Structures are given as C-alpha cells and as structure tokens.
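Enquirer: Got final.csv for you, CSV, C-alpha atoms and all ligand atoms:
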```csv
chain,number,residue,atom,x,y,z
A,836,MET,CA,-20.1,-7.1,27.0
A,837,ASN,CA,-16.4,-6.2,27.5
A,838,ALA,CA,-14.0,-5.5,24.7
A,839,LEU,CA,-12.6,-9.0,24.6
A,840,ASP,CA,-16.1,-10.6,24.5
A,841,THR,CA,-16.9,-8.3,21.6
A,842,LEU,CA,-13.7,-9.2,19.8
A,843,ASN,CA,-14.3,-13.0,20.4
A,844,THR,CA,-17.8,-12.7,18.9
A,845,ILE,CA,-16.6,-10.9,15.8
A,846,ILE,CA,-13.6,-13.2,15.2
A,847,ARG,CA,-15.9,-16.3,15.4
A,848,HIS,CA,-18.6,-14.6,13.3
A,849,ARG,CA,-16.3,-13.9,10.3
A,850,ARG,CA,-17.0,-16.3,7.5
A,851,THR,CA,-16.0,-16.6,3.9
A,852,ILE,CA,-19.1,-15.4,2.0
A,853,LYS,CA,-18.7,-15.8,-1.8
A,854,PRO,CA,-19.9,-13.4,-4.5
A,855,PRO,CA,-22.9,-15.4,-5.6
A,856,SER,CA,-24.4,-14.8,-2.1
A,857,MET,CA,-23.8,-11.1,-2.3
A,858,ASP,CA,-26.3,-8.5,-3.4
A,859,ALA,CA,-24.5,-6.9,-6.4
A,860,ALA,CA,-27.1,-4.1,-6.5
A,861,LYS,CA,-26.4,-2.9,-2.9
A,862,PRO,CA,-23.2,-0.9,-2.9
A,863,VAL,CA,-20.7,-0.8,0.0
A,864,ASP,CA,-20.8,2.8,1.2
A,865,ARG,CA,-17.6,4.7,0.5
A,866,ALA,CA,-17.0,5.9,4.0
A,867,LEU,CA,-17.5,2.4,5.4
A,868,LEU,CA,-15.1,0.9,2.8
A,869,ILE,CA,-12.5,3.6,3.7
A,870,SER,CA,-12.8,2.7,7.4
A,871,LEU,CA,-12.4,-1.0,6.7
A,872,LEU,CA,-9.2,-0.3,4.6
A,873,GLU,CA,-8.0,2.1,7.3
A,874,ASN,CA,-8.4,-0.7,9.9
A,875,GLY,CA,-6.2,-2.8,7.5
A,876,THR,CA,-3.5,-0.2,7.8
A,877,TRP,CA,-3.4,-0.6,11.6
A,878,ALA,CA,-2.0,-4.1,11.2
A,879,PRO,CA,1.5,-4.8,12.6
A,880,THR,CA,4.2,-3.9,10.2
A,881,HIS,CA,7.9,-4.6,10.9
A,882,GLY,CA,9.9,-1.4,10.5
A,883,VAL,CA,6.5,0.4,9.9
A,884,THR,CA,7.1,-0.1,6.2
A,885,GLU,CA,3.3,-0.2,5.6
A,886,PRO,CA,3.6,-2.4,2.6
A,887,TRP,CA,-0.2,-2.8,1.9
A,888,ARG,CA,-1.7,-1.5,-1.3
A,889,PHE,CA,-5.3,-1.6,-2.3
A,890,ARG,CA,-7.0,-1.1,-5.7
A,891,VAL,CA,-10.7,-0.8,-5.5
A,892,TYR,CA,-13.1,-1.9,-8.2
A,893,GLU,CA,-16.8,-0.8,-7.9
A,894,GLY,CA,-19.6,-0.1,-10.3
A,895,ASP,CA,-18.5,-0.1,-14.0
A,896,SER,CA,-14.9,-0.7,-13.3
A,897,ARG,CA,-15.7,-4.2,-12.2
A,898,ALA,CA,-16.4,-5.1,-15.9
A,899,SER,CA,-12.9,-4.2,-16.8
A,900,LEU,CA,-11.6,-6.3,-13.9
A,901,ALA,CA,-13.8,-9.2,-15.0
A,902,LYS,CA,-12.5,-9.0,-18.6
A,903,ALA,CA,-8.9,-8.7,-17.4
A,904,LEU,CA,-9.2,-11.7,-15.1
A,905,GLY,CA,-10.7,-13.8,-17.9
A,906,ASP,CA,-8.1,-12.7,-20.4
A,907,LEU,CA,-5.3,-13.4,-17.9
A,908,TYR,CA,-6.7,-16.8,-17.0
A,909,ARG,CA,-6.7,-17.7,-20.7
A,910,ALA,CA,-3.2,-16.4,-21.3
A,911,THR,CA,-1.5,-17.9,-18.2
A,912,THR,CA,-3.2,-21.2,-17.5
A,913,PRO,CA,-1.4,-24.3,-18.9
A,914,PRO,CA,-3.7,-26.2,-21.2
A,915,ASN,CA,-3.8,-29.3,-19.0
A,916,GLU,CA,-5.0,-27.1,-16.1
A,917,PHE,CA,-7.5,-25.0,-18.0
A,918,ARG,CA,-11.1,-25.3,-16.7
A,919,ASP,CA,-14.1,-23.6,-18.2
A,920,ASP,CA,-15.8,-23.4,-14.8
A,921,LYS,CA,-12.9,-21.6,-13.3
A,922,LEU,CA,-12.8,-19.1,-16.2
A,923,ILE,CA,-16.5,-18.4,-15.8
A,924,LYS,CA,-16.3,-18.1,-12.1
A,925,LEU,CA,-13.3,-15.7,-12.3
A,926,SER,CA,-15.1,-13.4,-14.8
A,927,GLU,CA,-18.5,-13.6,-13.0
A,928,ASN,CA,-17.4,-13.1,-9.5
A,929,ALA,CA,-16.2,-9.5,-10.2
A,930,LEU,CA,-19.7,-8.7,-11.3
A,931,LEU,CA,-21.5,-10.5,-8.5
A,932,ALA,CA,-19.8,-8.6,-5.8
A,933,PRO,CA,-20.4,-4.8,-5.5
A,934,THR,CA,-16.8,-4.2,-4.4
A,935,VAL,CA,-13.6,-6.0,-5.3
A,936,VAL,CA,-10.2,-4.9,-3.8
A,937,VAL,CA,-7.0,-6.2,-5.3
A,938,VAL,CA,-4.5,-6.3,-2.4
A,939,TRP,CA,-0.8,-6.5,-2.8
A,940,MET,CA,2.4,-6.1,-1.0
A,941,GLN,CA,4.7,-3.3,-2.2
A,942,ARG,CA,8.3,-4.3,-1.5
A,943,THR,CA,10.0,-1.6,0.4
A,944,VAL,CA,12.9,0.1,-1.4
A,945,GLY,CA,16.1,-0.8,0.3
A,946,HIS,CA,14.7,-4.1,1.8
A,947,LYS,CA,14.6,-3.1,5.5
A,948,VAL,CA,12.8,-6.3,6.4
A,949,PRO,CA,12.6,-9.7,4.7
A,950,ALA,CA,9.9,-10.0,2.0
A,951,ILE,CA,8.0,-12.7,4.0
A,952,GLU,CA,7.5,-10.2,6.8
A,953,GLU,CA,6.0,-7.6,4.5
A,954,LEU,CA,3.7,-10.3,3.1
A,955,GLU,CA,2.7,-11.3,6.6
A,956,ALA,CA,1.9,-7.7,7.5
A,957,VAL,CA,-0.4,-7.5,4.5
A,958,ALA,CA,-2.1,-10.8,5.5
A,959,CYS,CA,-2.7,-9.2,8.9
A,960,ALA,CA,-4.2,-6.2,7.2
A,961,MET,CA,-6.5,-8.5,5.2
A,962,GLN,CA,-7.7,-10.1,8.5
A,963,ASN,CA,-8.3,-6.7,10.0
A,964,ILE,CA,-10.4,-5.7,7.0
A,965,MET,CA,-12.4,-9.0,7.0
A,966,LEU,CA,-13.0,-8.8,10.8
A,967,SER,CA,-14.2,-5.2,10.4
A,968,ALA,CA,-16.5,-6.3,7.6
A,969,ALA,CA,-17.9,-9.1,9.7
A,970,ALA,CA,-18.5,-6.7,12.5
A,971,VAL,CA,-21.1,-4.8,10.4
A,972,GLY,CA,-22.5,-7.9,8.7
A,973,LEU,CA,-20.7,-7.4,5.4
A,974,GLY,CA,-19.6,-10.5,3.6
A,975,SER,CA,-16.0,-11.0,2.5
A,976,PHE,CA,-14.1,-13.5,0.4
A,977,TRP,CA,-10.3,-13.7,0.0
A,978,SER,CA,-9.6,-15.3,-3.3
A,979,SER,CA,-6.1,-16.2,-4.5
A,980,PRO,CA,-6.3,-17.6,-8.0
A,981,PRO,CA,-2.9,-18.9,-9.3
A,982,LEU,CA,-2.8,-16.2,-12.0
A,983,ILE,CA,-2.0,-13.5,-9.4
A,984,GLU,CA,1.5,-15.0,-9.2
A,985,THR,CA,2.2,-14.5,-12.9
A,986,ASN,CA,4.2,-11.7,-14.6
A,987,ALA,CA,1.3,-11.0,-16.9
A,988,PHE,CA,-0.9,-10.2,-13.8
A,989,ARG,CA,1.9,-8.1,-12.3
A,990,GLN,CA,2.2,-6.2,-15.6
A,991,TRP,CA,-1.6,-5.7,-15.8
A,992,LEU,CA,-1.7,-4.4,-12.2
A,993,GLY,CA,1.4,-2.3,-12.8
A,994,ILE,CA,3.4,-3.5,-9.9
A,995,GLY,CA,7.1,-4.3,-9.5
A,996,ALA,CA,8.8,-7.6,-9.9
A,997,GLU,CA,9.4,-7.8,-6.1
A,998,ASP,CA,5.8,-6.8,-5.2
A,999,GLN,CA,3.4,-9.6,-4.6
A,1000,CYS,CA,-0.4,-9.7,-4.9
A,1001,LEU,CA,-2.1,-11.6,-2.0
A,1002,GLY,CA,-5.4,-11.9,-3.7
A,1003,LEU,CA,-8.8,-10.4,-4.6
A,1004,LEU,CA,-10.9,-9.4,-1.7
A,1005,TYR,CA,-14.6,-9.5,-2.6
A,1006,LEU,CA,-16.9,-7.5,-0.3
A,1007,GLY,CA,-20.7,-7.3,-0.3
A,1008,TRP,CA,-23.9,-7.4,1.7
A,1009,PRO,CA,-25.4,-10.8,1.8
A,1010,LYS,CA,-28.6,-11.3,-0.3
A,1011,ASP,CA,-31.9,-11.1,1.5
A,1012,GLY,CA,-32.6,-14.4,3.2
A,1013,PHE,CA,-29.0,-15.5,3.2
A,1014,GLU,CA,-28.1,-17.6,6.2
A,1015,TRP,CA,-24.8,-16.5,7.6
A,1016,PRO,CA,-22.6,-19.7,7.6
A,1017,LYS,CA,-21.4,-21.4,10.7
A,1018,SER,CA,-18.0,-23.1,10.9
A,1019,GLN,CA,-15.9,-25.2,13.3
A,1020,ARG,CA,-12.4,-25.3,14.5
A,1021,LYS,CA,-10.6,-28.0,16.4
A,1022,PRO,CA,-10.2,-27.4,20.1
A,1023,VAL,CA,-7.3,-25.1,20.7
A,1024,GLU,CA,-5.6,-27.7,22.9
A,1025,SER,CA,-4.8,-29.7,19.7
A,1026,PHE,CA,-2.5,-26.9,18.5
A,1027,VAL,CA,-0.8,-26.1,21.7
A,1028,SER,CA,2.1,-27.7,23.6
A,1029,TRP,CA,3.4,-26.4,26.8
A,1030,ALA,CA,7.2,-26.3,27.3
A,1101,LIG,C1,-4.4,-16.8,1.9
A,1101,LIG,C2,-5.8,-17.3,1.7
A,1101,LIG,C3,-6.2,-17.5,0.4
A,1101,LIG,C4,-7.5,-18.0,0.1
A,1101,LIG,N1,-7.8,-18.3,-1.2
A,1101,LIG,C5,-9.0,-18.8,-1.5
A,1101,LIG,C6,-9.4,-19.1,-2.8
A,1101,LIG,O1,-8.6,-18.9,-3.7
A,1101,LIG,N2,-10.6,-19.7,-3.0
A,1101,LIG,C7,-11.4,-20.0,-2.0
A,1101,LIG,O2,-12.5,-20.6,-2.2
A,1101,LIG,N3,-11.1,-19.7,-0.7
A,1101,LIG,C8,-9.9,-19.1,-0.4
A,1101,LIG,N4,-9.6,-18.7,0.9
A,1101,LIG,C9,-10.7,-18.8,1.9
A,1101,LIG,C10,-10.7,-20.1,2.7
A,1101,LIG,O3,-11.1,-21.1,1.8
A,1101,LIG,C11,-11.6,-20.1,3.9
A,1101,LIG,O4,-11.0,-19.1,4.8
A,1101,LIG,C12,-11.7,-21.4,4.6
A,1101,LIG,O5,-12.6,-22.2,3.8
A,1101,LIG,C13,-12.3,-21.3,6.0
A,1101,LIG,O6,-13.6,-20.7,5.9
A,1101,LIG,P1,-13.9,-19.3,6.8
A,1101,LIG,O7,-13.1,-18.2,6.1
A,1101,LIG,O8,-15.4,-19.2,6.6
A,1101,LIG,O9,-13.5,-19.6,8.2
A,1101,LIG,C14,-8.4,-18.2,1.2
A,1101,LIG,C15,-8.0,-18.0,2.5
A,1101,LIG,C16,-6.7,-17.5,2.7
A,1101,LIG,C17,-6.3,-17.3,4.2
```
Take the structure I supplied and represent it as structure tokens, if you would.
Ligand SMILES: Cc1cc2nc3c(=O)[nH]c(=O)nc-3n(C[C@H](O)[C@H](O)[C@H](O)COP(=O)(O)O)c2cc1C

Expert:
Amino acid sequence: MNALDTLNTIIRHRRTIKPPSMDAAKPVDRALLISLLENGTWAPTHGVTEPWRFRVYEGDSRASLAKALGDLYRATTPPNEFRDDKLIKLSENALLAPTVVVVWMQRTVGHKVPAIEELEAVACAMQNIMLSAAAVGLGSFWSSPPLIETNAFRQWLGIGAEDQCLGLLYLGWPKDGFEWPKSQRKPVESFVSWA
C-alpha cells in the first residue's frame, strides 16, 4: 500500500465513537496520547502562531471535570433549554471515557492573524489527532456543548476573553465486541464545480 492509499483508508475509517462505547477501564497509554497531540501540533498554522492548547483529564481528574461540567450546565443553561438528559450525559461522559482533552485556541498576543484563522488551525489539529487515533483503532468523539462558549466556562478553564474552546475530545478504546461504525458521504462531484 502506498502512503496515499494508507491515508485514504485512515480518513475513511475515522468515526465518531461516543464514550458509552469506550472501555473506561482501559487507559490510553501516555506515550500514545502524547504522540496523538504532537500530530495535532503539526497542523497548518498561519504565521506559525501554534494556537492549540490541550488540557488532559485522566483517572481521578475526570471526576472533577464531570462535576464542573454538570455545575456549569446548571449555571449557564437558560431554564427553557434545560434538559435533564443533557445534564446526565455531560456528567457521565467524562467518566465513561478514559481520557478527555479540553481543546482551545489561545489567541496570539498582538493579533498577527485573524481569530478565525487561529480557530481553523486548532480544528485542523483536532482532525490530525482524531485521524491518528483512528489509525490505531482508538475511538474519538469531538463534543461541543454550548456551555463552552460561556464566560463561566472560560473562567473555570482559566482562559482569556479572546481565547476560544473548540470542545471536549473524548478518547478511548472501544469496548470488546464493539462494531466500528460505517458512514457515508455524498459523491465528491456533488460538492465540486469546475471553473
Ligand atoms: C466542530 C464539531 C463539533 C461537534 N460537536 C458534536 C457534539 O456536540 N455532539 C455530537 O454528538 N457530535 C458532535 N460532533 C461530531 C459529529 O456529530 C460527527 O462528526 C458527525 O455525526 C459525522 O460522523 P463521523 O464523525 O463518524 O463521520 C462535532 C463535530 C464537529 C466537526
């Protein structure tokens, strides 16, 4: 298989695998996790500002994350949007995955490039990480609950007003017997026009 065939296979193999399908008791090896995050840092970055930041929750620290997410959901969700199932899911997910990475964009001091471009760079980093995870059979789930946009969340995470969290990246090995999902995309021709 040449490099492009390998890449094609990995890109098509990557799927969203949610925490209930992950084996919480099977940790993600530290060296593997570092190599995934390092692949994230090889994403394109305009002006090489390297705006990605990662905070990793594993083991016992996931309980503090679960509690914080529950508290933040209660504190920031308007009453008419509040849903018990969302609250439970937010709190439980952090304990169902062995590793959770909070990923945010740290706005470059001096604003060398537009904020959107720094966000885009971090989204590229996310994709690098998820593709790398898929390459070794590790499940990943990019979650973006609305609370990540709130000042309360920013304060909890300790990030600046111009920084922006892209989401929570859940990582974990699929449980025994889990069937890796398949997906579909429309034919590429439906998205392309030729000038
Ligand atoms: C920026 C971004 C945010 C996402 N946030 C959520 C989310 O909050 N909840 C969720 O269920 N999926 C979320 N997803 C995952 C998508 O639902 C998923 O990629 C889509 O269903 C396609 O499935 P696939 O990843 O297996 O190809 C997000 C994806 C992206 C790119």

Enquirer: Using only C-alpha atoms, find the one residue out of A:Ala898, A:Ala859, A:Ala910, A:Val938 that sits nearest to A:Cys959.

Expert: A:Val938

Enquirer: Residues at most 9 Å from A:Ala860, counting only C-alpha atoms, excluding those fewer than 5 positions away in the same chain, as a ChimeraX atom specification?

Expert: /A:931-933

Enquirer: Just C-alpha atoms for this one: save the residues we selected as an mmCIF file, in the coordinates of the input.

Expert:
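Wrote part.cif, looks like this:
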```cif
data_model
loop_
_atom_site.group_PDB
_atom_site.id
_atom_site.type_symbol
_atom_site.label_atom_id
_atom_site.label_comp_id
_atom_site.auth_asym_id
_atom_site.auth_seq_id
_atom_site.Cartn_x
_atom_site.Cartn_y
_atom_site.Cartn_z
ATOM 1 C CA LEU A 931 -21.500 -10.500 -8.500
ATOM 2 C CA ALA A 932 -19.800 -8.600 -5.800
ATOM 3 C CA PRO A 933 -20.400 -4.800 -5.500
#
```

Enquirer: Please identify the residues whose atoms come within 12 Å of ligand LIG 1101 (chain A), using all atoms listed in the file, and report them as a ChimeraX atom specification.

Expert: /A:845-854,921,924-925,928,938-939,954-955,957-962,965-966,969,974-983,1000-1005,1015-1020

Enquirer: Counting only C-alpha atoms, figure out which residue out of A:Asp919, A:Glu997, A:Glu873, A:Ile964 gets nearest to A:Ile951.

Expert: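 Answer, going by the shortest atom-to-atom distance: A:Glu997.
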
Enquirer: Atom CA of A:Tyr892 and atom CA of A:Thr934 are how many Å apart?

Expert: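 Interatomic distance, atom CA of A:Tyr892 to atom CA of A:Thr934: 5.8 Å.
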
Enquirer: Using all atoms listed in the file, which protein or nucleic acid residues come within 12 Å of A:Gly1012? Drop anything in the same chain fewer than 2 positions from it, and give the result as a list in words.

Expert: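 Listing them by chain and then by number gives Ser856, Met857, Asp858, Trp1008, Pro1009, Lys1010, Glu1014 and Trp1015 of chain A.
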
Enquirer: Can you check which parts of stretch 933-952 of chain A lie within 7 Å of stretch 881-889 of chain A? Per residue, the shortest pair of atoms and distance in Å to one decimal, counting only C-alpha atoms, sorted by chain and number, as a Markdown table.

Expert:
```
| residue | atom | partner | partner_atom | distance |
| --- | --- | --- | --- | --- |
| A:Val936 | CA | A:Phe889 | CA | 6.1 |
| A:Val937 | CA | A:Phe889 | CA | 5.7 |
| A:Val938 | CA | A:Phe889 | CA | 4.8 |
| A:Trp939 | CA | A:Arg888 | CA | 5.3 |
| A:Met940 | CA | A:Trp887 | CA | 5.1 |
| A:Gln941 | CA | A:Pro886 | CA | 5.0 |
| A:Arg942 | CA | A:Pro886 | CA | 6.5 |
| A:Thr943 | CA | A:Thr884 | CA | 6.7 |
| A:Val948 | CA | A:His881 | CA | 6.9 |
| A:Glu952 | CA | A:His881 | CA | 7.0 |
```

Enquirer: From the set A:Arg865, A:Leu907, A:Met836, A:Leu930, which residue has the shortest atom-to-atom contact distance to A:Arg989, counting all atoms listed in the file?

Expert: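 Residue with the minimum atom-to-atom distance to A:Arg989: A:Leu907.
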
Enquirer: What is the distance, in Å and to one decimal place, between atom CA of A:Asp864 and atom CA of A:Ala956?

Expert: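 If I compute the distance from atom CA of A:Asp864 to atom CA of A:Ala956, I get 25.8 Å.
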
Enquirer: Compare A:Gly993, A:Gly905, A:Gly972, A:Pro862 by their minimum atom-to-atom distance to A:Arg890, counting only C-alpha atoms, and give me the closest one.

Expert: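 Closest to A:Arg890 of all the choices is A:Gly993.
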
Enquirer: For the atom pair atom CA of A:Ser896 and atom CA of A:Ser926, what is the interatomic distance in Å to one decimal place?

Expert: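 About the pair atom CA of A:Ser896 and atom CA of A:Ser926: they are 12.8 Å apart.
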